[in-house]
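The structure file run-v8.pdb is reproduced below (PDB, C-alpha atoms, pLDDT in the B column).
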ATOM      1  CA  MET P 238       8.245  10.299 -17.528  1.00 89.00           C
ATOM      2  CA  GLU P 239       9.437  11.993 -14.366  1.00 92.00           C
ATOM      3  CA  PHE P 240       8.281  11.262 -10.827  1.00 94.00           C
ATOM      4  CA  SER P 241       5.704  13.575  -9.290  1.00 92.00           C
ATOM      5  CA  LYS P 242       6.600  15.407  -6.088  1.00 90.00           C
ATOM      6  CA  LEU P 243       4.351  13.044  -4.144  1.00 91.00           C
ATOM      7  CA  GLU P 244       6.017   9.967  -5.648  1.00 93.00           C
ATOM      8  CA  ARG P 245       9.476  11.378  -4.850  1.00 92.00           C
ATOM      9  CA  ASP P 246       8.469  12.120  -1.272  1.00 91.00           C
ATOM     10  CA  VAL P 247       6.960   8.660  -0.854  1.00 90.00           C
ATOM     11  CA  LEU P 248      10.112   7.005  -2.205  1.00 91.00           C
ATOM     12  CA  ASP P 249      12.275   9.108   0.119  1.00 89.00           C
ATOM     13  CA  ALA P 250      10.133   8.103   3.104  1.00 86.00           C
ATOM     14  CA  PHE P 251      10.443   4.403   2.242  1.00 85.00           C
ATOM     15  CA  LEU P 252      14.176   4.689   1.623  1.00 85.00           C
ATOM     16  CA  ASP P 253      14.910   6.642   4.790  1.00 82.00           C
ATOM     17  CA  GLU P 254      13.393   3.840   6.870  1.00 77.00           C
ATOM     18  CA  ASN P 255      14.801   0.901   4.916  1.00 76.00           C
ATOM     19  CA  ASP P 256      18.256   2.119   3.892  1.00 77.00           C
ATOM     20  CA  GLU P 257      20.095  -0.169   6.251  1.00 78.00           C
ATOM     21  CA  ARG P 258      18.218  -3.257   5.203  1.00 77.00           C
ATOM     22  CA  TYR P 259      18.044  -2.526   1.481  1.00 81.00           C
ATOM     23  CA  PRO P 260      20.783  -0.070   0.470  1.00 85.00           C
ATOM     24  CA  GLN P 261      20.294  -1.122  -3.159  1.00 87.00           C
ATOM     25  CA  LEU P 262      16.915   0.613  -3.273  1.00 88.00           C
ATOM     26  CA  ARG P 263      18.428   4.077  -3.049  1.00 89.00           C
ATOM     27  CA  SER P 264      20.797   3.402  -5.917  1.00 91.00           C
ATOM     28  CA  GLN P 265      17.866   2.047  -7.916  1.00 93.00           C
ATOM     29  CA  VAL P 266      15.785   5.158  -7.287  1.00 92.00           C
ATOM     30  CA  ALA P 267      18.696   7.336  -8.430  1.00 92.00           C
ATOM     31  CA  VAL P 268      18.462   5.829 -11.927  1.00 94.00           C
ATOM     32  CA  ALA P 269      14.731   5.043 -12.048  1.00 95.00           C
ATOM     33  CA  SER P 270      12.111   6.739 -14.171  1.00 95.00           C
ATOM     34  CA  VAL P 271       8.359   6.395 -14.529  1.00 97.00           C
ATOM     35  CA  LYS P 272       7.292   3.773 -17.024  1.00 97.00           C
ATOM     36  CA  SER P 273       3.563   4.325 -16.581  1.00 96.00           C
ATOM     37  CA  ARG P 274       1.109   5.883 -14.177  1.00 95.00           C
ATOM     38  CA  ASP P 275      -2.504   4.719 -13.885  1.00 93.00           C
ATOM     39  CA  PHE P 276      -5.049   6.473 -11.741  1.00 91.00           C
ATOM     40  CA  THR P 277      -8.083   4.669 -10.413  1.00 87.00           C
ATOM     41  CA  SER P 278     -10.868   6.342  -8.474  1.00 83.00           C
ATOM     42  CA  HIS P 279      -9.201   5.184  -5.266  1.00 86.00           C
ATOM     43  CA  GLY P 280      -5.530   5.754  -5.986  1.00 90.00           C
ATOM     44  CA  PHE P 281      -2.777   5.109  -8.484  1.00 92.00           C
ATOM     45  CA  PHE P 282      -0.216   2.587  -9.665  1.00 94.00           C
ATOM     46  CA  THR P 283       3.093   4.011 -10.868  1.00 96.00           C
ATOM     47  CA  LYS P 284       5.302   1.483 -12.644  1.00 96.00           C
ATOM     48  CA  LEU P 285       9.019   2.155 -12.481  1.00 96.00           C
ATOM     49  CA  GLU P 286      11.628   1.613 -15.154  1.00 95.00           C
ATOM     50  CA  LEU P 287      15.195   0.729 -14.256  1.00 94.00           C
ATOM     51  CA  PRO P 288      18.293   0.205 -16.385  1.00 93.00           C
ATOM     52  CA  LEU P 289      19.070  -3.500 -16.800  1.00 89.00           C
ATOM     53  CA  ASP P 290      22.404  -3.143 -15.015  1.00 89.00           C
ATOM     54  CA  SER P 291      20.969  -1.442 -11.910  1.00 89.00           C
ATOM     55  CA  GLN P 292      21.932  -2.989  -8.573  1.00 87.00           C
ATOM     56  CA  ARG P 293      19.512  -5.708  -7.412  1.00 86.00           C
ATOM     57  CA  ILE P 294      18.597  -6.873  -3.959  1.00 84.00           C
ATOM     58  CA  PRO P 295      20.081 -10.359  -3.749  1.00 78.00           C
ATOM     59  CA  ARG P 296      17.687 -11.889  -1.219  1.00 63.00           C
ATOM     60  CA  ASP P 297      14.012 -11.508  -0.300  1.00 54.00           C
ATOM     61  CA  SER P 298      13.544 -10.386  -3.821  1.00 70.00           C
ATOM     62  CA  ARG P 299       9.742 -10.341  -3.998  1.00 74.00           C
ATOM     63  CA  PHE P 300       8.106  -8.255  -1.333  1.00 78.00           C
ATOM     64  CA  PHE P 301       6.350  -5.020  -0.642  1.00 77.00           C
ATOM     65  CA  ILE P 302       6.933  -2.349   1.926  1.00 80.00           C
ATOM     66  CA  ALA P 303       3.907  -0.894   3.579  1.00 76.00           C
ATOM     67  CA  LEU P 304       3.089   1.678   4.835  1.00 75.00           C
ATOM     68  CA  VAL P 305       3.793   5.344   4.348  1.00 79.00           C
ATOM     69  CA  CYS P 306       0.831   7.546   5.169  1.00 82.00           C
ATOM     70  CA  ALA P 307      -0.045  11.078   4.245  1.00 84.00           C
ATOM     71  CA  VAL P 308      -2.569  13.406   5.728  1.00 84.00           C
ATOM     72  CA  PHE P 309      -4.261  15.590   3.200  1.00 83.00           C
ATOM     73  CA  GLU P 310      -6.720  18.479   3.549  1.00 77.00           C
ATOM     74  CA  GLY P 311      -9.206  18.013   6.347  1.00 74.00           C
ATOM     75  CA  GLY P 312      -7.409  14.985   7.784  1.00 80.00           C
ATOM     76  CA  ALA P 313      -8.060  12.674   4.831  1.00 84.00           C
ATOM     77  CA  ALA P 314      -5.569   9.806   4.970  1.00 88.00           C
ATOM     78  CA  LEU P 315      -3.673   8.361   2.037  1.00 90.00           C
ATOM     79  CA  GLY P 316      -1.544   5.212   2.102  1.00 90.00           C
ATOM     80  CA  PHE P 317       1.306   3.942  -0.019  1.00 91.00           C
ATOM     81  CA  ALA P 318       3.083   0.668  -0.675  1.00 89.00           C
ATOM     82  CA  LEU P 319       6.278   0.019  -2.587  1.00 89.00           C
ATOM     83  CA  PHE P 320       6.585  -3.228  -4.537  1.00 89.00           C
ATOM     84  CA  VAL P 321       9.850  -4.984  -5.314  1.00 87.00           C
ATOM     85  CA  GLU P 322       9.946  -7.747  -7.905  1.00 86.00           C
ATOM     86  CA  ASP P 323      13.011  -9.838  -8.653  1.00 84.00           C
ATOM     87  CA  GLY P 324      15.133  -7.565  -6.508  1.00 86.00           C
ATOM     88  CA  ARG P 325      14.107  -4.420  -8.342  1.00 89.00           C
ATOM     89  CA  LEU P 326      11.692  -1.612  -7.600  1.00 91.00           C
ATOM     90  CA  GLU P 327       8.585  -2.205  -9.620  1.00 92.00           C
ATOM     91  CA  THR P 328       5.543  -0.215  -8.477  1.00 93.00           C
ATOM     92  CA  ILE P 329       4.446   2.535  -6.133  1.00 94.00           C
ATOM     93  CA  GLU P 330       0.821   2.077  -5.132  1.00 92.00           C
ATOM     94  CA  GLY P 331      -1.178   4.921  -3.635  1.00 92.00           C
ATOM     95  CA  PHE P 332      -4.598   4.397  -2.102  1.00 91.00           C
ATOM     96  CA  THR P 333      -7.032   6.247   0.073  1.00 91.00           C
ATOM     97  CA  TYR P 334      -8.721   5.522   3.379  1.00 89.00           C
ATOM     98  CA  GLU P 335     -11.591   7.734   2.309  1.00 85.00           C
ATOM     99  CA  ARG P 336     -14.208   7.415  -0.405  1.00 81.00           C
ATOM    100  CA  GLY P 337     -12.012   8.452  -3.299  1.00 84.00           C
ATOM    101  CA  TRP P 338      -8.583   9.779  -4.238  1.00 85.00           C
ATOM    102  CA  PRO P 339      -8.616  13.566  -3.706  1.00 82.00           C
ATOM    103  CA  ARG P 340      -7.154  14.630  -7.053  1.00 78.00           C
ATOM    104  CA  GLN P 341      -4.241  13.741  -9.282  1.00 73.00           C
ATOM    105  CA  ASP P 342      -1.976  16.704  -8.550  1.00 76.00           C
ATOM    106  CA  ILE P 343      -2.065  16.891  -4.768  1.00 81.00           C
ATOM    107  CA  CYS P 344       0.902  18.787  -3.337  1.00 78.00           C
ATOM    108  CA  ASP P 345      -0.267  19.900   0.097  1.00 84.00           C
ATOM    109  CA  TYR P 346       0.192  16.966   2.449  1.00 87.00           C
ATOM    110  CA  LYS P 347       2.083  15.792   5.484  1.00 87.00           C
ATOM    111  CA  LEU P 348       3.893  12.537   4.857  1.00 86.00           C
ATOM    112  CA  SER P 349       5.238  10.134   7.437  1.00 80.00           C
ATOM    113  CA  TYR P 350       6.411   6.562   7.814  1.00 76.00           C
ATOM    114  CA  HIS P 351       4.726   5.063  10.833  1.00 70.00           C
ATOM    115  CA  ARG P 352       6.944   2.430  12.382  1.00 65.00           C
ATOM    116  CA  SER P 353       4.007   0.878  14.197  1.00 60.00           C
ATOM    117  CA  THR P 354       2.359  -0.055  10.897  1.00 62.00           C
ATOM    118  CA  GLY P 355       5.292   0.068   8.465  1.00 63.00           C
ATOM    119  CA  LYS P 356       6.257  -3.454   7.496  1.00 66.00           C
ATOM    120  CA  VAL P 357       8.267  -5.348   4.910  1.00 68.00           C
ATOM    121  CA  ILE P 358       6.070  -8.194   3.721  1.00 69.00           C
ATOM    122  CA  ALA P 359       6.817 -11.081   1.401  1.00 64.00           C
ATOM    123  CA  LEU P 360       4.367 -11.311  -1.459  1.00 62.00           C
ATOM    124  CA  ASP P 361       2.288 -14.301  -2.345  1.00 55.00           C
ATOM    125  CA  TYR P 362       1.805 -15.163  -5.962  1.00 47.00           C
ATOM    126  CA  ALA P 363      -1.825 -14.144  -5.828  1.00 43.00           C
ATOM    127  CA  THR P 364      -1.622 -10.515  -4.859  1.00 47.00           C
ATOM    128  CA  GLN P 365      -5.053  -9.153  -4.203  1.00 44.00           C
ATOM    129  CA  ILE P 366      -5.896  -5.526  -4.545  1.00 47.00           C
ATOM    130  CA  VAL P 367      -9.169  -4.071  -3.352  1.00 45.00           C
ATOM    131  CA  HIS P 368      -9.819  -1.277  -5.799  1.00 42.00           C
TER     132      HIS P 368
ATOM    133  CA  MET S  81     -23.766 -11.343 -15.775  1.00 62.00           C
ATOM    134  CA  ASP S  82     -20.709 -10.583 -17.953  1.00 75.00           C
ATOM    135  CA  GLN S  83     -17.124 -11.309 -16.916  1.00 74.00           C
ATOM    136  CA  ASN S  84     -16.442  -7.760 -15.680  1.00 76.00           C
ATOM    137  CA  SER S  85     -19.575  -7.784 -13.552  1.00 80.00           C
ATOM    138  CA  GLU S  86     -18.643 -11.169 -12.112  1.00 80.00           C
ATOM    139  CA  GLU S  87     -15.132  -9.965 -11.272  1.00 78.00           C
ATOM    140  CA  ARG S  88     -16.531  -6.830  -9.696  1.00 77.00           C
ATOM    141  CA  ALA S  89     -19.030  -8.846  -7.673  1.00 81.00           C
ATOM    142  CA  ALA S  90     -16.244 -11.204  -6.535  1.00 80.00           C
ATOM    143  CA  ARG S  91     -14.141  -8.231  -5.414  1.00 78.00           C
ATOM    144  CA  VAL S  92     -17.055  -6.799  -3.479  1.00 81.00           C
ATOM    145  CA  ARG S  93     -17.671 -10.171  -1.782  1.00 85.00           C
ATOM    146  CA  ALA S  94     -13.971 -10.428  -0.888  1.00 83.00           C
ATOM    147  CA  TYR S  95     -13.963  -6.870   0.415  1.00 84.00           C
ATOM    148  CA  ASN S  96     -17.055  -7.448   2.525  1.00 86.00           C
ATOM    149  CA  ALA S  97     -15.545 -10.626   3.970  1.00 88.00           C
ATOM    150  CA  VAL S  98     -12.417  -8.720   4.978  1.00 88.00           C
ATOM    151  CA  VAL S  99     -14.433  -5.903   6.522  1.00 88.00           C
ATOM    152  CA  ALA S 100     -16.471  -8.403   8.567  1.00 88.00           C
ATOM    153  CA  VAL S 101     -13.338 -10.065   9.961  1.00 88.00           C
ATOM    154  CA  VAL S 102     -11.604  -6.780  10.746  1.00 88.00           C
ATOM    155  CA  GLU S 103     -14.678  -5.244  12.356  1.00 85.00           C
ATOM    156  CA  SER S 104     -15.117  -8.340  14.479  1.00 83.00           C
ATOM    157  CA  ALA S 105     -11.496  -8.025  15.625  1.00 80.00           C
ATOM    158  CA  ALA S 106     -11.950  -4.318  16.266  1.00 73.00           C
ATOM    159  CA  TYR S 107     -14.934  -4.988  18.497  1.00 72.00           C
ATOM    160  CA  SER S 108     -13.252  -7.764  20.433  1.00 69.00           C
ATOM    161  CA  LYS S 109      -9.857  -6.147  20.944  1.00 70.00           C
ATOM    162  CA  THR S 110      -8.112  -2.847  20.437  1.00 71.00           C
ATOM    163  CA  LEU S 111      -6.539  -2.623  17.006  1.00 80.00           C
ATOM    164  CA  PRO S 112      -3.154  -0.926  17.294  1.00 82.00           C
ATOM    165  CA  THR S 113      -3.216   2.241  15.241  1.00 83.00           C
ATOM    166  CA  ASN S 114      -0.818   5.054  14.528  1.00 82.00           C
ATOM    167  CA  GLU S 115      -1.428   8.697  15.307  1.00 80.00           C
ATOM    168  CA  ILE S 116      -3.836   9.201  12.417  1.00 83.00           C
ATOM    169  CA  GLY S 117      -5.875   6.135  13.269  1.00 84.00           C
ATOM    170  CA  VAL S 118      -4.443   3.878  10.573  1.00 87.00           C
ATOM    171  CA  PHE S 119      -3.760   0.211  11.249  1.00 88.00           C
ATOM    172  CA  GLY S 120      -1.842  -2.417   9.302  1.00 88.00           C
ATOM    173  CA  GLU S 121      -2.432  -5.947  10.511  1.00 87.00           C
ATOM    174  CA  PHE S 122      -2.461  -9.555   9.355  1.00 89.00           C
ATOM    175  CA  PHE S 123      -5.789 -11.353   9.217  1.00 90.00           C
ATOM    176  CA  VAL S 124      -6.854 -14.742   7.932  1.00 90.00           C
ATOM    177  CA  VAL S 125      -9.976 -14.460   5.807  1.00 89.00           C
ATOM    178  CA  GLY S 126     -11.486 -17.539   4.194  1.00 86.00           C
ATOM    179  CA  GLY S 127      -8.243 -19.454   4.746  1.00 87.00           C
ATOM    180  CA  THR S 128      -6.095 -16.799   3.084  1.00 87.00           C
ATOM    181  CA  LYS S 129      -3.598 -14.742   5.047  1.00 88.00           C
ATOM    182  CA  LEU S 130      -3.948 -11.069   4.239  1.00 89.00           C
ATOM    183  CA  TYR S 131      -2.161  -7.919   5.213  1.00 88.00           C
ATOM    184  CA  VAL S 132      -4.962  -5.429   5.715  1.00 90.00           C
ATOM    185  CA  THR S 133      -4.662  -1.701   6.118  1.00 89.00           C
ATOM    186  CA  GLY S 134      -7.488   0.513   7.184  1.00 90.00           C
ATOM    187  CA  ARG S 135      -8.548   3.265   9.495  1.00 88.00           C
ATOM    188  CA  LEU S 136     -10.287   2.977  12.821  1.00 85.00           C
ATOM    189  CA  ARG S 137     -12.879   5.737  13.060  1.00 80.00           C
ATOM    190  CA  PRO S 138     -13.535   7.676  16.251  1.00 75.00           C
ATOM    191  CA  ALA S 139     -17.053   6.222  16.312  1.00 74.00           C
ATOM    192  CA  GLY S 140     -15.532   2.742  16.502  1.00 71.00           C
ATOM    193  CA  ASN S 141     -16.273   1.560  12.988  1.00 80.00           C
ATOM    194  CA  VAL S 142     -13.582   0.516  10.529  1.00 86.00           C
ATOM    195  CA  THR S 143     -12.739   1.538   6.984  1.00 88.00           C
ATOM    196  CA  VAL S 144     -10.701  -1.079   5.139  1.00 90.00           C
ATOM    197  CA  ALA S 145      -8.545   0.724   2.599  1.00 90.00           C
ATOM    198  CA  ASN S 146      -6.590  -2.072   0.957  1.00 89.00           C
ATOM    199  CA  PHE S 147      -5.399  -5.638   1.411  1.00 88.00           C
ATOM    200  CA  TRP S 148      -2.911  -7.996  -0.127  1.00 87.00           C
ATOM    201  CA  ALA S 149      -2.514 -11.768   0.002  1.00 85.00           C
ATOM    202  CA  VAL S 150       0.707 -12.813   1.706  1.00 83.00           C
ATOM    203  CA  PRO S 151       2.355 -16.216   2.216  1.00 80.00           C
ATOM    204  CA  ASP S 152       1.602 -18.116   5.426  1.00 75.00           C
TER     205      ASP S 152
END
Give the structure from this file in structure tokens form.
Amino acid sequence: MEFSKLERDVLDAFLDENDERYPQLRSQVAVASVKSRDFTSHGFFTKLELPLDSQRIPRDSRFFIALVCAVFEGGAALGFALFVEDGRLETIEGFTYERGWPRQDICDYKLSYHRSTGKVIALDYATQIVH
Amino acid sequence: MDQNSEERAARVRAYNAVVAVVESAAYSKTLPTNEIGVFGEFFVVGGTKLYVTGRLRPAGNVTVANFWAVPD
């Protein structure tokens, strides 16, 4: 499966801000494809597929990068996190700050990486997701 | 109560606990937010360190959007 426009834009926003720290991520995205995409009422989880020989991040190999935000119609806010497992991109998570995800094919949005809230965070083994 | 209902109820309890902690923090101090009112902060809830993201509303209340457990 191919990435949606939103997923591509989200990946670009994460990469633009973290290129220096994790240059391997951009080379991973260049060869990545979508393994699966699951929508919930509050967002989505897109699992990525990478070739086995793709370049890995050698250290800090289990973490997630939060937080790219998008503003959608009427000021509704959407958030995104990018998960890295074993040095490889694993999942893009999208979620909403409102009551529910607007719709699956949103294309009219303003996306930005907010440095005040954007963080690289090590993951615990018991990751907890709200929705 | 079946297993799904129990899991759902546990998630709701966890969510409510996070909301209570974040709202308490929001009332007692100013949560730093970005230009669209979104915050991303660490909180300890029930002994577990969480990274919590949410939105501070103009009326002063808080919407918690998502949270993840992180190592201490």
Can you tell me how far atom CA of Gly324 of chain P sits from atom CA of Ser241 of chain P, in Å to one decimal?
->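 So the answer is 23.3 Å.
In this model, the gap between atom CA of Asn114 of chain S and atom CA of Thr128 of chain S comes to 25.2 Å.
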Using all atoms listed in the file, which chain S residues lie at most 12 Å away from chain P, written as an MDAnalysis selection string?
-> chainID S and resid 87:99 111:122 128:137 142:152
Could you please take those selected residues and save C-alpha atoms as a PDB file, in the frame of the given file?
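Written file, part29.pdb:
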ATOM      1  CA  GLU S  87     -15.132  -9.965 -11.272  1.00 78.00           C
ATOM      2  CA  ARG S  88     -16.531  -6.830  -9.696  1.00 77.00           C
ATOM      3  CA  ALA S  89     -19.030  -8.846  -7.673  1.00 81.00           C
ATOM      4  CA  ALA S  90     -16.244 -11.204  -6.535  1.00 80.00           C
ATOM      5  CA  ARG S  91     -14.141  -8.231  -5.414  1.00 78.00           C
ATOM      6  CA  VAL S  92     -17.055  -6.799  -3.479  1.00 81.00           C
ATOM      7  CA  ARG S  93     -17.671 -10.171  -1.782  1.00 85.00           C
ATOM      8  CA  ALA S  94     -13.971 -10.428  -0.888  1.00 83.00           C
ATOM      9  CA  TYR S  95     -13.963  -6.870   0.415  1.00 84.00           C
ATOM     10  CA  ASN S  96     -17.055  -7.448   2.525  1.00 86.00           C
ATOM     11  CA  ALA S  97     -15.545 -10.626   3.970  1.00 88.00           C
ATOM     12  CA  VAL S  98     -12.417  -8.720   4.978  1.00 88.00           C
ATOM     13  CA  VAL S  99     -14.433  -5.903   6.522  1.00 88.00           C
ATOM     14  CA  LEU S 111      -6.539  -2.623  17.006  1.00 80.00           C
ATOM     15  CA  PRO S 112      -3.154  -0.926  17.294  1.00 82.00           C
ATOM     16  CA  THR S 113      -3.216   2.241  15.241  1.00 83.00           C
ATOM     17  CA  ASN S 114      -0.818   5.054  14.528  1.00 82.00           C
ATOM     18  CA  GLU S 115      -1.428   8.697  15.307  1.00 80.00           C
ATOM     19  CA  ILE S 116      -3.836   9.201  12.417  1.00 83.00           C
ATOM     20  CA  GLY S 117      -5.875   6.135  13.269  1.00 84.00           C
ATOM     21  CA  VAL S 118      -4.443   3.878  10.573  1.00 87.00           C
ATOM     22  CA  PHE S 119      -3.760   0.211  11.249  1.00 88.00           C
ATOM     23  CA  GLY S 120      -1.842  -2.417   9.302  1.00 88.00           C
ATOM     24  CA  GLU S 121      -2.432  -5.947  10.511  1.00 87.00           C
ATOM     25  CA  PHE S 122      -2.461  -9.555   9.355  1.00 89.00           C
ATOM     26  CA  THR S 128      -6.095 -16.799   3.084  1.00 87.00           C
ATOM     27  CA  LYS S 129      -3.598 -14.742   5.047  1.00 88.00           C
ATOM     28  CA  LEU S 130      -3.948 -11.069   4.239  1.00 89.00           C
ATOM     29  CA  TYR S 131      -2.161  -7.919   5.213  1.00 88.00           C
ATOM     30  CA  VAL S 132      -4.962  -5.429   5.715  1.00 90.00           C
ATOM     31  CA  THR S 133      -4.662  -1.701   6.118  1.00 89.00           C
ATOM     32  CA  GLY S 134      -7.488   0.513   7.184  1.00 90.00           C
ATOM     33  CA  ARG S 135      -8.548   3.265   9.495  1.00 88.00           C
ATOM     34  CA  LEU S 136     -10.287   2.977  12.821  1.00 85.00           C
ATOM     35  CA  ARG S 137     -12.879   5.737  13.060  1.00 80.00           C
ATOM     36  CA  VAL S 142     -13.582   0.516  10.529  1.00 86.00           C
ATOM     37  CA  THR S 143     -12.739   1.538   6.984  1.00 88.00           C
ATOM     38  CA  VAL S 144     -10.701  -1.079   5.139  1.00 90.00           C
ATOM     39  CA  ALA S 145      -8.545   0.724   2.599  1.00 90.00           C
ATOM     40  CA  ASN S 146      -6.590  -2.072   0.957  1.00 89.00           C
ATOM     41  CA  PHE S 147      -5.399  -5.638   1.411  1.00 88.00           C
ATOM     42  CA  TRP S 148      -2.911  -7.996  -0.127  1.00 87.00           C
ATOM     43  CA  ALA S 149      -2.514 -11.768   0.002  1.00 85.00           C
ATOM     44  CA  VAL S 150       0.707 -12.813   1.706  1.00 83.00           C
ATOM     45  CA  PRO S 151       2.355 -16.216   2.216  1.00 80.00           C
ATOM     46  CA  ASP S 152       1.602 -18.116   5.426  1.00 75.00           C
TER      47      ASP S 152
END
Compare P:Val305, P:Tyr259, P:Glu322, P:Ile294 by their minimum atom-to-atom distance to Ser349 of chain P, counting only C-alpha atoms, and give me the closest one.
-> P:Val305
Go ahead and compute the interatomic distance for atom CA of Leu319 of chain P and atom CA of Lys284 of chain P, in Å to one decimal.
-> 10.2 Å
With distances taken over only C-alpha atoms, which of P:Lys347, P:Phe251, P:Ser270, P:Asp290 is nearest to Ile302 of chain P?
-> P:Phe251
Around segment 129-143 of chain S, with edges along x, y and z and 3 Å added on all six sides, what centre and edge lengths do you get, in Å to one decimal, as lines of an AutoDock Vina configuration file?
center_x = -9.6
center_y = -3.5
center_z = 10.4
size_x = 20.9
size_y = 28.4
size_z = 18.3
How would you write, as an mmCIF file with C-alpha atoms, in the coordinates of the input, the residues chosen by the PyMOL selection byres ((chain P and resi 267) around 12) on this structure?
data_model
loop_
_atom_site.group_PDB
_atom_site.id
_atom_site.type_symbol
_atom_site.label_atom_id
_atom_site.label_comp_id
_atom_site.auth_asym_id
_atom_site.auth_seq_id
_atom_site.Cartn_x
_atom_site.Cartn_y
_atom_site.Cartn_z
ATOM 1 C CA GLU P 239 9.437 11.993 -14.366
ATOM 2 C CA PHE P 240 8.281 11.262 -10.827
ATOM 3 C CA ARG P 245 9.476 11.378 -4.850
ATOM 4 C CA LEU P 248 10.112 7.005 -2.205
ATOM 5 C CA ASP P 249 12.275 9.108 0.119
ATOM 6 C CA LEU P 252 14.176 4.689 1.623
ATOM 7 C CA PRO P 260 20.783 -0.070 0.470
ATOM 8 C CA GLN P 261 20.294 -1.122 -3.159
ATOM 9 C CA LEU P 262 16.915 0.613 -3.273
ATOM 10 C CA ARG P 263 18.428 4.077 -3.049
ATOM 11 C CA SER P 264 20.797 3.402 -5.917
ATOM 12 C CA GLN P 265 17.866 2.047 -7.916
ATOM 13 C CA VAL P 266 15.785 5.158 -7.287
ATOM 14 C CA VAL P 268 18.462 5.829 -11.927
ATOM 15 C CA ALA P 269 14.731 5.043 -12.048
ATOM 16 C CA SER P 270 12.111 6.739 -14.171
ATOM 17 C CA LEU P 285 9.019 2.155 -12.481
ATOM 18 C CA GLU P 286 11.628 1.613 -15.154
ATOM 19 C CA LEU P 287 15.195 0.729 -14.256
ATOM 20 C CA PRO P 288 18.293 0.205 -16.385
ATOM 21 C CA SER P 291 20.969 -1.442 -11.910
ATOM 22 C CA GLN P 292 21.932 -2.989 -8.573
ATOM 23 C CA LEU P 326 11.692 -1.612 -7.600
#
Of the candidates P:Leu348, P:Val321, P:Ile329, P:Met238, which shows the shortest atom-to-atom distance to Lys272 of chain P, using all atoms listed in the file?
->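 Among the listed residues, P:Met238 lies closest to Lys272 of chain P.
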If we count only C-alpha atoms and set the cut-off at 9 Å, which residues sit around Ala106 of chain S, ignoring sequence neighbours fewer than 3 positions away in its own chain? Please answer as a PDB file with C-alpha atoms, in the frame of the given file.
ATOM      1  CA  VAL S 101     -13.338 -10.065   9.961  1.00 88.00           C
ATOM      2  CA  VAL S 102     -11.604  -6.780  10.746  1.00 88.00           C
ATOM      3  CA  GLU S 103     -14.678  -5.244  12.356  1.00 85.00           C
ATOM      4  CA  LYS S 109      -9.857  -6.147  20.944  1.00 70.00           C
ATOM      5  CA  THR S 110      -8.112  -2.847  20.437  1.00 71.00           C
ATOM      6  CA  LEU S 111      -6.539  -2.623  17.006  1.00 80.00           C
ATOM      7  CA  LEU S 136     -10.287   2.977  12.821  1.00 85.00           C
ATOM      8  CA  GLY S 140     -15.532   2.742  16.502  1.00 71.00           C
ATOM      9  CA  ASN S 141     -16.273   1.560  12.988  1.00 80.00           C
ATOM     10  CA  VAL S 142     -13.582   0.516  10.529  1.00 86.00           C
TER      11      VAL S 142
END
Who sits within 8 Å of Arg274 of chain P, only C-alpha atoms, same chain under 3 positions skipped, as a ChimeraX atom specification = /P:271,281-284
Hits of the PyMOL selection byres ((chain P and resi 342-345) around 9) in this structure, as a list in words | Ser241, Lys242, Leu243, Val308, Phe309, Glu310, Pro339, Arg340, Gln341, Tyr346 and Lys347 of chain P
Quick one: residues within 8 Å of Asp323 of chain P, only C-alpha atoms, excluding same-chain residues fewer than 5 positions away - as a PDB file with C-alpha atoms, keeping the file's coordinate frame?
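And here is the file that came out, result.pdb:
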ATOM      1  CA  ARG P 293      19.512  -5.708  -7.412  1.00 86.00           C
ATOM      2  CA  ILE P 294      18.597  -6.873  -3.959  1.00 84.00           C
ATOM      3  CA  SER P 298      13.544 -10.386  -3.821  1.00 70.00           C
ATOM      4  CA  ARG P 299       9.742 -10.341  -3.998  1.00 74.00           C
TER       5      ARG P 299
END
